[in-house]
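To be precise, the following lines are start_25.txt, and they hold compact mmCIF, C-alpha atoms.
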```
# COMPACT_ATOMS: atom_id res chain seq x y z
CA HIS A 132 0.00 0.00 0.00
CA THR A 133 1.41 3.38 -1.01
CA PRO A 134 -0.09 6.54 0.53
CA LYS A 135 -1.79 8.97 -1.86
CA ASN A 136 0.53 11.85 -0.95
CA PRO A 137 3.78 10.28 0.30
CA PRO A 138 6.55 12.53 1.61
CA LYS A 139 9.10 13.36 -1.09
CA ASN A 140 11.95 11.77 0.87
CA ALA A 141 10.08 8.47 1.42
CA ARG A 142 10.40 5.41 -0.78
CA TYR A 143 7.95 2.53 -0.93
CA TYR A 144 8.87 -0.93 -2.15
CA SER A 145 6.17 -3.48 -2.83
CA PRO A 146 6.05 -6.32 -3.61
CA LEU A 147 9.56 -7.65 -3.13
CA ASN A 148 10.82 -11.19 -3.43
CA PRO A 149 13.00 -12.51 -0.55
CA LEU A 150 16.29 -11.74 -2.32
CA GLU A 151 15.23 -8.17 -3.11
CA PHE A 152 14.02 -7.70 0.47
CA SER A 153 17.31 -8.99 1.89
CA SER A 154 19.33 -6.73 -0.39
CA LEU A 155 17.21 -3.73 0.58
CA MET A 156 17.67 -4.42 4.30
CA LYS A 157 21.44 -4.66 3.91
CA SER A 158 21.52 -1.30 2.13
CA CYS A 159 19.46 0.53 4.78
CA ALA A 160 21.13 2.72 7.36
CA CYS A 161 18.36 1.77 9.79
CA ALA A 162 14.90 0.25 9.96
CA ILE A 163 11.74 0.86 11.92
CA SER A 164 9.85 -2.39 12.06
CA ALA A 165 6.94 -4.06 13.70
CA SER A 166 8.11 -7.11 15.53
CA GLY A 167 7.38 -10.55 14.07
CA GLN A 168 9.52 -12.61 11.73
CA THR A 169 11.17 -9.57 10.17
CA LEU A 170 13.27 -9.19 13.34
CA TYR A 171 15.20 -12.34 12.47
CA GLU A 172 15.92 -11.04 8.96
CA LEU A 173 16.98 -7.65 10.31
CA ALA A 174 19.24 -9.32 12.88
CA LEU A 175 20.85 -11.49 10.21
CA SER A 176 21.45 -8.47 7.97
CA GLN A 177 22.82 -6.51 10.98
CA THR A 178 20.55 -3.57 10.17
CA PRO A 179 20.24 -1.14 13.12
CA SER A 180 16.55 -1.15 13.99
CA LEU A 181 13.88 0.26 16.21
CA VAL A 182 11.17 -2.26 16.98
CA LEU A 183 7.57 -1.14 17.38
CA PRO A 184 5.46 -4.13 18.46
CA ILE A 185 1.92 -3.94 17.09
CA ALA A 186 0.50 -7.12 18.62
CA SER A 187 0.64 -8.39 22.18
CA ASN A 188 2.57 -11.52 21.21
CA GLN A 189 5.33 -9.35 19.72
CA ILE A 190 6.12 -7.55 22.97
CA ILE A 191 7.92 -10.51 24.55
CA GLN A 192 9.86 -11.18 21.35
CA SER A 193 11.00 -7.58 20.93
CA LYS A 194 11.94 -7.29 24.63
CA GLU A 195 14.12 -10.38 24.26
CA PHE A 196 15.95 -8.87 21.28
CA GLU A 197 16.38 -5.66 23.27
CA SER A 198 17.74 -7.51 26.33
CA LEU A 199 20.39 -9.06 24.06
CA GLY A 200 21.37 -5.59 22.81
CA ILE A 201 20.30 -6.36 19.24
CA PHE A 202 17.42 -3.90 18.82
CA LYS A 203 15.74 -1.11 20.76
CA GLN A 204 12.04 -1.52 21.47
CA THR A 205 10.20 1.75 20.95
CA SER A 206 6.69 3.18 21.06
CA LEU A 207 4.85 5.92 19.22
CA LYS A 208 5.54 8.21 22.19
CA THR A 209 9.31 7.64 22.16
CA LEU A 210 9.95 6.88 18.47
CA ALA A 211 11.38 10.31 17.53
CA LYS A 212 13.70 10.40 20.56
CA ASP A 213 14.78 6.79 20.07
CA PHE A 214 15.48 7.47 16.39
CA GLU A 215 17.73 10.42 17.31
CA ASN A 216 19.62 8.19 19.76
CA LEU A 217 20.02 5.27 17.35
CA GLN A 218 23.66 4.51 16.64
CA ILE A 219 23.88 4.26 12.86
CA GLN A 220 27.22 2.99 11.60
CA LYS A 221 26.46 1.88 8.03
```
Starting from the coordinates I provided, produce the structure as structure tokens.
Amino acid sequence: HTPKNPPKNARYYSPLNPLEFSSLMKSCACAISASGQTLYELALSQTPSLVLPIASNQIIQSKEFESLGIFKQTSLKTLAKDFENLQIQK
């Protein structure tokens, strides 16, 4: 789904096959992602990420990744601040 009036500095990619998706993740300086299976792909690609759980079952998963120092769990209230503090090294 692409918004009707997307910001000029935003890019939307859909649909992507797994190889294209992997390549895109590796090229990103950072990602903001819902939790779920994508966390494993982001971890494997070593993409710095903020995790925004959108379902109750994702909270435990994202907290576990955070406790290991892999990702930072965020919320809509703290997203902007967490993004500013994200250490981007790509």
Could you work out how far CA of Ala162 in chain A lies from CA of Pro149 in chain A, giving the answer in Å with one decimal?
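Computed distance, CA of Pro149 in chain A to CA of Ala162 in chain A, equals 16.6 Å.
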Would you work out the distance separating CA of Ser166 in chain A from CA of Gly200 in chain A, expressed in Å to one decimal?
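So the two atoms, CA of Ser166 in chain A and CA of Gly200 in chain A, lie 15.2 Å apart.
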Can you pull out every residue within 12 Å of Phe196 in chain A, counting all atoms listed in the file, but drop anything in the same chain fewer than 5 positions away, and send it as a PyMOL selection string?
chain A and resi 166-167+170-171+173-174+180-182+184+189-191+201-204
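Relative to CA of Leu175 in chain A, CA of Leu217 in chain A is found at 18.2 Å.
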Once you add 6 Å to each side, what are the centre and edge lengths of the axis-aligned box holding all listed atoms of range 137-149 of chain A? One decimal in Å, as lines of an AutoDock Vina configuration file, if you can.
```
center_x = 8.4
center_y = 0.4
center_z = -1.0
size_x = 21.2
size_y = 37.9
size_z = 17.2
```
Place N, CA and C atoms on range 156-190 of chain A and deliver the coordinates as a short mmCIF file (atom, residue, chain, number, x, y, z; two decimals), keeping the file's coordinate frame.
```
data_model
loop_
_atom_site.label_atom_id
_atom_site.label_comp_id
_atom_site.auth_asym_id
_atom_site.auth_seq_id
_atom_site.Cartn_x
_atom_site.Cartn_y
_atom_site.Cartn_z
N MET A 156 17.34 -4.53 2.88
CA MET A 156 17.67 -4.42 4.30
C MET A 156 19.15 -4.15 4.50
N LYS A 157 19.99 -4.84 3.76
CA LYS A 157 21.44 -4.66 3.91
C LYS A 157 21.89 -3.27 3.49
N SER A 158 21.14 -2.62 2.61
CA SER A 158 21.52 -1.30 2.13
C SER A 158 20.97 -0.17 3.00
N CYS A 159 20.07 -0.49 3.92
CA CYS A 159 19.46 0.53 4.78
C CYS A 159 20.39 0.95 5.90
N ALA A 160 20.37 2.23 6.20
CA ALA A 160 21.13 2.72 7.36
C ALA A 160 20.44 2.31 8.65
N CYS A 161 19.12 2.22 8.62
CA CYS A 161 18.36 1.77 9.79
C CYS A 161 16.97 1.37 9.34
N ALA A 162 16.27 0.69 10.25
CA ALA A 162 14.90 0.25 9.96
C ALA A 162 14.02 0.52 11.17
N ILE A 163 12.77 0.81 10.89
CA ILE A 163 11.74 0.86 11.92
C ILE A 163 10.77 -0.24 11.53
N SER A 164 10.61 -1.20 12.42
CA SER A 164 9.85 -2.39 12.06
C SER A 164 8.90 -2.80 13.16
N ALA A 165 7.76 -3.35 12.74
CA ALA A 165 6.94 -4.06 13.70
C ALA A 165 7.75 -5.29 14.09
N SER A 166 7.35 -5.96 15.08
CA SER A 166 8.11 -7.11 15.53
C SER A 166 7.90 -8.26 14.54
N GLY A 167 7.64 -9.45 14.98
CA GLY A 167 7.38 -10.55 14.07
C GLY A 167 8.63 -11.13 13.45
N GLN A 168 8.44 -11.88 12.39
CA GLN A 168 9.52 -12.61 11.73
C GLN A 168 10.58 -11.71 11.12
N THR A 169 10.21 -10.49 10.78
CA THR A 169 11.17 -9.57 10.17
C THR A 169 12.36 -9.31 11.09
N LEU A 170 12.16 -9.42 12.41
CA LEU A 170 13.27 -9.19 13.34
C LEU A 170 14.43 -10.14 13.07
N TYR A 171 14.13 -11.37 12.74
CA TYR A 171 15.20 -12.34 12.47
C TYR A 171 15.97 -11.95 11.22
N GLU A 172 15.26 -11.47 10.20
CA GLU A 172 15.92 -11.04 8.96
C GLU A 172 16.76 -9.79 9.21
N LEU A 173 16.22 -8.85 9.99
CA LEU A 173 16.98 -7.65 10.31
C LEU A 173 18.22 -7.99 11.13
N ALA A 174 18.09 -8.91 12.07
CA ALA A 174 19.24 -9.32 12.88
C ALA A 174 20.31 -9.96 12.00
N LEU A 175 19.90 -10.82 11.10
CA LEU A 175 20.85 -11.49 10.21
C LEU A 175 21.56 -10.49 9.30
N SER A 176 20.84 -9.47 8.85
CA SER A 176 21.45 -8.47 7.97
C SER A 176 22.21 -7.40 8.75
N GLN A 177 22.14 -7.46 10.09
CA GLN A 177 22.82 -6.51 10.98
C GLN A 177 22.39 -5.07 10.71
N THR A 178 21.11 -4.89 10.42
CA THR A 178 20.55 -3.57 10.17
C THR A 178 20.12 -2.95 11.50
N PRO A 179 20.69 -1.80 11.89
CA PRO A 179 20.24 -1.14 13.12
C PRO A 179 18.74 -0.87 13.02
N SER A 180 18.01 -1.22 14.08
CA SER A 180 16.55 -1.15 13.99
C SER A 180 15.90 -0.71 15.28
N LEU A 181 14.80 -0.02 15.11
CA LEU A 181 13.88 0.26 16.21
C LEU A 181 12.68 -0.65 16.00
N VAL A 182 12.25 -1.28 17.07
CA VAL A 182 11.17 -2.26 16.98
C VAL A 182 9.93 -1.69 17.65
N LEU A 183 8.85 -1.68 16.91
CA LEU A 183 7.57 -1.14 17.38
C LEU A 183 6.54 -2.26 17.35
N PRO A 184 6.41 -3.01 18.45
CA PRO A 184 5.46 -4.13 18.46
C PRO A 184 4.03 -3.63 18.22
N ILE A 185 3.30 -4.34 17.37
CA ILE A 185 1.92 -3.94 17.09
C ILE A 185 0.92 -4.97 17.56
N ALA A 186 1.39 -6.07 18.08
CA ALA A 186 0.50 -7.12 18.62
C ALA A 186 1.07 -7.57 19.96
N SER A 187 0.20 -8.02 20.83
CA SER A 187 0.64 -8.39 22.18
C SER A 187 1.68 -9.50 22.18
N ASN A 188 1.58 -10.43 21.25
CA ASN A 188 2.57 -11.52 21.21
C ASN A 188 3.94 -11.04 20.75
N GLN A 189 4.05 -9.87 20.19
CA GLN A 189 5.33 -9.35 19.72
C GLN A 189 6.12 -8.64 20.82
N ILE A 190 5.45 -8.29 21.90
CA ILE A 190 6.12 -7.55 22.97
C ILE A 190 7.22 -8.39 23.61
#
```
